[in-house]
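Colleague: The structure's right below; bear with me while I get my questions together.
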Amino acid sequence: DDRETGMKKQLEGPEAGFAGLSWLFWTIAIFSVFVNLLMLTGPIYMLQIYDRVLPSRSEETLLSLTMLVAALYALMGILDYIRGRVAARVGATAQARLDGRVFRATLRRSVLSSERSKPASGLKDLESVQRLMSSPVLFAVFDMPWAPIFIAAIYTFHPWLGHLALAGGLLLVTITLFNQFLTRKPEAEATAAVMQGDGFAEVIRQQGDMVQALGMRGAVLERWQGMRSRALEAQLASSDRVSQFSTMTKTFRFFLQSAILGLGAYLVLQGQLTAGAMIAASILLGRALAPVEQAIGGWPLVLRARQGWRNLKELLGTTPEQSVPTALPRPNAYIDVREITVFPPEQQKATLRMLSFGIRPGQALGVIGPSASGKSTLARVLTGIWLPASGSVRLDGATLDQYDPDTLGSYIGYLPQDVVLFNGTVAENIGRMQAEPDPEMIVTAAKKAGAPEVVLQLPHGSDTPVSAGGARLSGG
């Protein structure tokens with residue numbers, strides 16, 4: 001509704017993806033209540049088998065109990081399946097809401113020189129949060145509050161059994177806290193090392209021609225293998241640490257279940273407990289401790305999602321969404337640069353100072369100068385990629401920031417230093433990757449560029465793919 005839409009507009013961080021979805025979390029919580037209540041089916045069934053069916057030798061009672069248990073387990077399975085679907089769709093909805101926002105923020109930050117050497121992790125961070133929402137680890141959060149209830153149920157059988165269950169549960173909680181503390185750093189190092197190696201490999205893949213032409217294959221392979229080795233070592237260290245705690249938890253849980261059976265058997269021999277209560281206490285203890293073990297086993301996923309959430313907060317917090325300006329009519333080709341001073345992003349030294357000039361339709365302006373004199377900076381300012389610290393760049397009287405970036409780009413022809421053809425057809429590249437480009441405008445553009453003969457000679461003409469496995473075309 002309008003209220004939820006306004007709320008999402010006010011939220012700049014990843015919280016916007018979950019705005020208005022709190023009722024779904026309550027739905028998961030309510031389903032978890034009934035799922036955990038139905039978890040008592042097994043202990044109660046065992047209790048009735050040992051304390052009623054076997055002493056009475058009643059086959060009718062056994063059949064009735066078994067049919068009832070089958071129905072309850074079927075209901076539990078349905079509820080567990082439904083809450084899994086709800087959780088998965090919460091994550092998918094949040095990702096769908098944030099995908100465009102994260103993509104635009106990543107694209108805007110890519111113009112910063114400090115970001116070009118880093119792998120773009122925004123979309124992967126968002127995926128890590130979505131994977132957590134659809135993983136069983138999430139349900140451990142909703143199931144853990146039931147552990148005290150199950151332990152309290154064990155106390156109803158005998159105080160000694162309750163004391164043993166409580167002591168074992170507290171020890172497992174302590175192990176969980178140590179797991180959180182000791183695995184945080186190795187997991188963060190492993191994630192950073194993997195991202196660094198993947199980013200380097202992607203750059204090398206994109207510059208494969210240059211790497212081979214300059215005889216750099218051996219050198220870049222050695223450097224990449226060094227990054228890969230560090231990433232594998234960090235991953236092994238993190239995996240070993242998590243595996244230690246996971247194995248410790250699982251082994252201790254098995255021991256506790258056997259210990260409670262042993263203690264229960266002793267109480268049965270003393271006439272203080274029934275055999276059914278002994279078996280039921282063991283099942284209840286296993287159920288009470290299962291969420292803790294589940295949380296430890298899935299802890300790497302939790303850490304990755306938590307790091308992804310922090311990265312998203314930083315990305316979206318430092319790159320606020322741009323407001324859509326009022327649409328302006330198609331401008332005439334009058335460019336006025338008025339006393340602009342430009343500081344490249346994240347730099348303290350101005351590249352251009354108090355620069356002014358004007359260009360009119362039919363005129364051409366060439367800019368010459370040595371490296372690092374500000375030629376590329378001027379090009380970025382004229383195309384609206386960078387904004388001047390002072391002064392203005394006006395197109396037909398309006399400053400560039402008064403135009404929507406996509407609309408402004410449709411008025412500008414721009415040939416970068418590194419020529420890139422995007423994955424798609426030749427026609428789609430000429431049409432600037434629009435979903436439904438105008439065929440007549442594509443043909444007109446090709447004619448103005450003097451390229452219709454070249455396009456027609458391609459295997460499929462303008463429909464020739466420019467992608468991996470497709471035709472290899474030059475930038476020209």
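Convention: chains lettered A, B, ... in structure tokens order; per-chain residue numbering from 1; ligands numbered from 1 as shown.
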Need the shell around Leu316 in chain A: protein/DNA/RNA residues with any atom at most 12 Å away, counting only C-alpha atoms. Skip same-chain ones fewer than 4 positions apart. Format as an MDAnalysis selection string?
Modeller: chainID A and resid 11:17 98:109 122:123 125:126 308:312 320:322
Colleague: Could you take the residues named above and write them with C-alpha atoms, as an mmCIF file, in the first residue's frame?
Modeller:
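As a result, again21.cif now contains:
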```
data_model
loop_
_atom_site.group_PDB
_atom_site.id
_atom_site.type_symbol
_atom_site.label_atom_id
_atom_site.label_comp_id
_atom_site.auth_asym_id
_atom_site.auth_seq_id
_atom_site.Cartn_x
_atom_site.Cartn_y
_atom_site.Cartn_z
ATOM 1 C CA LEU A 11 14.914 3.544 3.926
ATOM 2 C CA GLU A 12 18.195 3.856 2.075
ATOM 3 C CA GLY A 13 19.890 0.684 3.333
ATOM 4 C CA PRO A 14 19.136 -3.014 2.764
ATOM 5 C CA GLU A 15 16.307 -2.700 5.293
ATOM 6 C CA ALA A 16 14.219 -1.314 2.416
ATOM 7 C CA GLY A 17 14.097 -4.805 0.913
ATOM 8 C CA LEU A 98 17.098 -4.464 -3.911
ATOM 9 C CA ASP A 99 18.579 -5.901 -7.122
ATOM 10 C CA GLY A 100 18.096 -2.730 -9.151
ATOM 11 C CA ARG A 101 19.136 -0.480 -6.275
ATOM 12 C CA VAL A 102 22.336 -2.445 -5.625
ATOM 13 C CA PHE A 103 23.117 -2.678 -9.345
ATOM 14 C CA ARG A 104 22.745 1.082 -9.808
ATOM 15 C CA ALA A 105 24.847 1.814 -6.718
ATOM 16 C CA THR A 106 27.570 -0.558 -7.906
ATOM 17 C CA LEU A 107 27.515 1.041 -11.350
ATOM 18 C CA ARG A 108 27.765 4.563 -9.909
ATOM 19 C CA ARG A 109 30.654 3.621 -7.621
ATOM 20 C CA GLY A 122 27.294 -5.857 -4.035
ATOM 21 C CA LEU A 123 25.155 -8.408 -5.866
ATOM 22 C CA ASP A 125 26.408 -9.723 -0.834
ATOM 23 C CA LEU A 126 22.715 -9.507 -1.622
ATOM 24 C CA GLY A 308 27.130 -9.085 3.140
ATOM 25 C CA TRP A 309 24.582 -7.090 5.148
ATOM 26 C CA ARG A 310 27.322 -4.784 6.436
ATOM 27 C CA ASN A 311 28.707 -4.317 2.931
ATOM 28 C CA LEU A 312 25.245 -3.507 1.604
ATOM 29 C CA PRO A 320 22.062 7.274 -2.076
ATOM 30 C CA GLU A 321 19.474 6.802 -4.773
ATOM 31 C CA GLN A 322 19.314 9.636 -7.279
#
```
Colleague: Neighbouring residues of Ala305 in chain A were defined as those with any atom within 12 Å, considering only C-alpha atoms; residues of the same chain fewer than 4 positions away were excluded. Please report them as a CSV table (one decimal) with N, CA, C and O atoms, in the first residue's frame.
Modeller:
```
chain,number,residue,atom,x,y,z
A,91,GLY,N,13.1,-13.9,1.3
A,91,GLY,CA,14.4,-13.6,0.7
A,91,GLY,C,14.4,-13.2,-0.7
A,91,GLY,O,15.1,-12.3,-1.1
A,122,GLY,N,28.6,-6.2,-4.5
A,122,GLY,CA,27.3,-5.9,-4.0
A,122,GLY,C,26.2,-6.9,-4.3
A,122,GLY,O,25.5,-7.3,-3.4
A,124,LYS,N,26.7,-10.1,-5.0
A,124,LYS,CA,27.0,-11.3,-4.2
A,124,LYS,C,26.6,-11.2,-2.8
A,124,LYS,O,26.2,-12.1,-2.1
A,125,ASP,N,26.8,-10.0,-2.2
A,125,ASP,CA,26.4,-9.7,-0.8
A,125,ASP,C,24.9,-9.9,-0.7
A,125,ASP,O,24.4,-10.5,0.3
A,126,LEU,N,24.2,-9.4,-1.7
A,126,LEU,CA,22.7,-9.5,-1.6
A,126,LEU,C,22.3,-11.0,-1.7
A,126,LEU,O,21.4,-11.4,-1.0
A,127,GLU,N,23.0,-11.7,-2.6
A,127,GLU,CA,22.7,-13.1,-2.7
A,127,GLU,C,23.0,-13.9,-1.4
A,127,GLU,O,22.2,-14.9,-1.1
A,128,SER,N,24.0,-13.5,-0.7
A,128,SER,CA,24.3,-14.2,0.6
A,128,SER,C,23.2,-14.0,1.6
A,128,SER,O,22.9,-14.9,2.3
A,129,VAL,N,22.6,-12.8,1.6
A,129,VAL,CA,21.5,-12.6,2.5
A,129,VAL,C,20.3,-13.4,2.1
A,129,VAL,O,19.6,-14.0,2.9
A,130,GLN,N,20.1,-13.5,0.8
A,130,GLN,CA,18.9,-14.2,0.3
A,130,GLN,C,19.1,-15.7,0.6
A,130,GLN,O,18.2,-16.4,0.9
A,131,ARG,N,20.3,-16.3,0.4
A,131,ARG,CA,20.6,-17.7,0.7
A,131,ARG,C,20.3,-18.0,2.2
A,131,ARG,O,19.9,-19.1,2.5
A,132,LEU,N,20.7,-17.1,3.1
A,132,LEU,CA,20.4,-17.3,4.5
A,132,LEU,C,18.9,-17.4,4.8
A,132,LEU,O,18.5,-18.3,5.6
A,133,MET,N,18.2,-16.6,4.1
A,133,MET,CA,16.7,-16.6,4.3
A,133,MET,C,16.1,-17.9,3.9
A,133,MET,O,15.1,-18.3,4.4
A,134,SER,N,16.7,-18.6,2.9
A,134,SER,CA,16.1,-19.8,2.4
A,134,SER,C,16.8,-21.1,3.0
A,134,SER,O,16.6,-22.2,2.5
A,135,SER,N,17.7,-20.9,3.9
A,135,SER,CA,18.4,-22.0,4.5
A,135,SER,C,17.8,-22.5,5.8
A,135,SER,O,17.1,-21.7,6.5
A,137,VAL,N,19.2,-22.8,8.5
A,137,VAL,CA,19.8,-22.1,9.7
A,137,VAL,C,18.8,-21.1,10.2
A,137,VAL,O,18.8,-20.8,11.4
A,138,LEU,N,18.0,-20.5,9.3
A,138,LEU,CA,17.1,-19.5,9.8
A,138,LEU,C,16.1,-20.1,10.8
A,138,LEU,O,15.7,-19.4,11.8
A,187,GLU,N,36.8,-16.8,8.8
A,187,GLU,CA,35.8,-16.8,7.7
A,187,GLU,C,35.8,-15.5,6.9
A,187,GLU,O,35.7,-15.5,5.7
A,188,ALA,N,36.1,-14.4,7.6
A,188,ALA,CA,36.2,-13.1,6.9
A,188,ALA,C,37.4,-13.1,6.0
A,188,ALA,O,37.4,-12.6,4.9
A,191,THR,N,36.7,-15.2,2.9
A,191,THR,CA,35.8,-14.5,2.0
A,191,THR,C,36.6,-13.4,1.2
A,191,THR,O,36.4,-13.3,0.0
A,298,GLY,N,25.8,-24.4,10.2
A,298,GLY,CA,25.5,-23.4,9.2
A,298,GLY,C,26.1,-22.1,9.5
A,298,GLY,O,25.7,-21.1,8.9
A,299,TRP,N,27.1,-22.0,10.4
A,299,TRP,CA,27.6,-20.8,10.9
A,299,TRP,C,28.3,-20.0,9.8
A,299,TRP,O,28.3,-18.8,9.7
A,300,PRO,N,29.1,-20.7,8.9
A,300,PRO,CA,29.7,-19.9,7.8
A,300,PRO,C,28.7,-19.2,6.9
A,300,PRO,O,29.0,-18.1,6.5
A,301,LEU,N,27.6,-19.8,6.7
A,301,LEU,CA,26.5,-19.1,5.9
A,301,LEU,C,26.0,-17.8,6.7
A,301,LEU,O,25.8,-16.8,6.1
A,309,TRP,N,25.5,-8.1,4.7
A,309,TRP,CA,24.6,-7.1,5.1
A,309,TRP,C,25.3,-5.8,5.5
A,309,TRP,O,24.9,-4.7,5.1
A,310,ARG,N,26.5,-6.0,6.1
A,310,ARG,CA,27.3,-4.8,6.4
A,310,ARG,C,27.8,-4.1,5.2
A,310,ARG,O,27.8,-2.9,5.1
A,311,ASN,N,28.2,-4.9,4.2
A,311,ASN,CA,28.7,-4.3,2.9
A,311,ASN,C,27.6,-3.6,2.2
A,311,ASN,O,27.8,-2.5,1.6
A,312,LEU,N,26.4,-4.2,2.3
A,312,LEU,CA,25.2,-3.5,1.6
A,312,LEU,C,24.9,-2.2,2.3
A,312,LEU,O,24.5,-1.2,1.6
```
Colleague: Here is a test: counting only C-alpha atoms, which residue of A:Met210, A:Leu289, A:Ser410, A:Val220 is nearest to Gln434 in chain A?
Modeller: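 Closest candidate: A:Ser410.
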Colleague: Which one is closest to His158 in chain A: A:Ala277, A:Val173, A:Ala449, A:Ala237? Count only C-alpha atoms.
Modeller: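 For His158 in chain A, the nearest of the given residues is A:Ala277.
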Colleague: Mind checking DSSP for range 193-374 of chain A and telling me the helix (DSSP H, G or I) residues as number ranges by chain?
Modeller: A: 193-206, 208-213, 217-269, 275-297, 299-318
Colleague: Which residue, A:Lys185, A:Leu68, A:Met278, A:Ala213, has the smallest gap to Gly162 in chain A when you use only C-alpha atoms?
Modeller: A:Met278
Colleague: Show which residues sit within 9 Å of Leu166 in chain A, as an MDAnalysis selection string. Count only C-alpha atoms, and ignore same-chain residues fewer than 5 positions away.
Modeller: chainID A and resid 148 151:152 161 171
Colleague: May I have the residues from that selection written out with N, CA, C and O atoms, as a compact mmCIF listing (two decimals), in the first residue's frame?
Modeller:
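Output below, filename result_5.txt:
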```
# COMPACT_ATOMS: atom_id res chain seq x y z
N PRO A 148 14.38 -24.51 26.10
CA PRO A 148 14.03 -24.52 27.54
C PRO A 148 12.71 -25.24 27.81
O PRO A 148 12.55 -25.86 28.87
N ILE A 151 13.43 -28.93 27.75
CA ILE A 151 14.17 -29.30 28.96
C ILE A 151 13.23 -29.29 30.17
O ILE A 151 13.31 -30.14 31.07
N ALA A 152 12.31 -28.32 30.21
CA ALA A 152 11.32 -28.28 31.29
C ALA A 152 10.44 -29.53 31.27
O ALA A 152 10.07 -30.07 32.33
N LEU A 161 17.10 -36.08 35.54
CA LEU A 161 17.16 -36.01 34.07
C LEU A 161 17.17 -34.55 33.61
O LEU A 161 17.87 -34.18 32.67
N LEU A 171 26.34 -26.23 28.27
CA LEU A 171 27.66 -26.49 27.70
C LEU A 171 27.64 -26.29 26.18
O LEU A 171 28.58 -25.71 25.60
```
Colleague: Please provide the set of residues having any atom within 10 Å of Arg330 in chain A, restricted to only C-alpha atoms, with same-chain residues fewer than 5 positions apart removed, written as a PDB file with N, CA, C and O atoms, in the first residue's frame.
Modeller:
```pdb
ATOM      1  N   ASP A 396      22.525  23.387 -23.721  1.00  0.00           N
ATOM      2  CA  ASP A 396      21.367  24.182 -24.118  1.00  0.00           C
ATOM      3  C   ASP A 396      20.769  24.914 -22.921  1.00  0.00           C
ATOM      4  O   ASP A 396      19.553  24.984 -22.742  1.00  0.00           O
ATOM      5  N   THR A 407      18.667   9.565 -20.143  1.00  0.00           N
ATOM      6  CA  THR A 407      18.224  10.503 -21.184  1.00  0.00           C
ATOM      7  C   THR A 407      19.404  11.315 -21.713  1.00  0.00           C
ATOM      8  O   THR A 407      19.553  11.508 -22.925  1.00  0.00           O
ATOM      9  N   LEU A 408      20.263  11.794 -20.793  1.00  0.00           N
ATOM     10  CA  LEU A 408      21.434  12.553 -21.223  1.00  0.00           C
ATOM     11  C   LEU A 408      22.341  11.703 -22.095  1.00  0.00           C
ATOM     12  O   LEU A 408      22.859  12.163 -23.120  1.00  0.00           O
ATOM     13  N   TYR A 411      21.779  11.494 -25.827  1.00  0.00           N
ATOM     14  CA  TYR A 411      22.144  12.648 -26.662  1.00  0.00           C
ATOM     15  C   TYR A 411      23.641  12.684 -26.959  1.00  0.00           C
ATOM     16  O   TYR A 411      24.095  13.550 -27.706  1.00  0.00           O
TER      17      TYR A 411
END
```
Colleague: Pick from A:Leu24, A:Val90, A:Ile279, A:Leu38: nearest to Ala71 in chain A, with only C-alpha atoms counted?
Modeller: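 Counting only C-alpha atoms, the residue closest to Ala71 in chain A is A:Leu38.
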Colleague: Just how far from CA of Asp401 in chain A is CA of Gly384 in chain A, in Å to one decimal?
Modeller: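 Rounded to one decimal, the two atoms are 7.1 Å apart.
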Colleague: Leaving out Val342 in chain A and any residue of its chain fewer than 2 positions from it, which residues lie within 10 Å of it when counting only C-alpha atoms, given as a list in words?
Modeller: Glu339, Ile340, Pro344, Pro345, Lys349, Ala350, Thr351, Leu352, Arg353, Met354, Leu355, Gly374, Thr377, Leu378, Val381, Trp386, Leu387, Pro388, Ala389, Ser390 and Gly391 of chain A
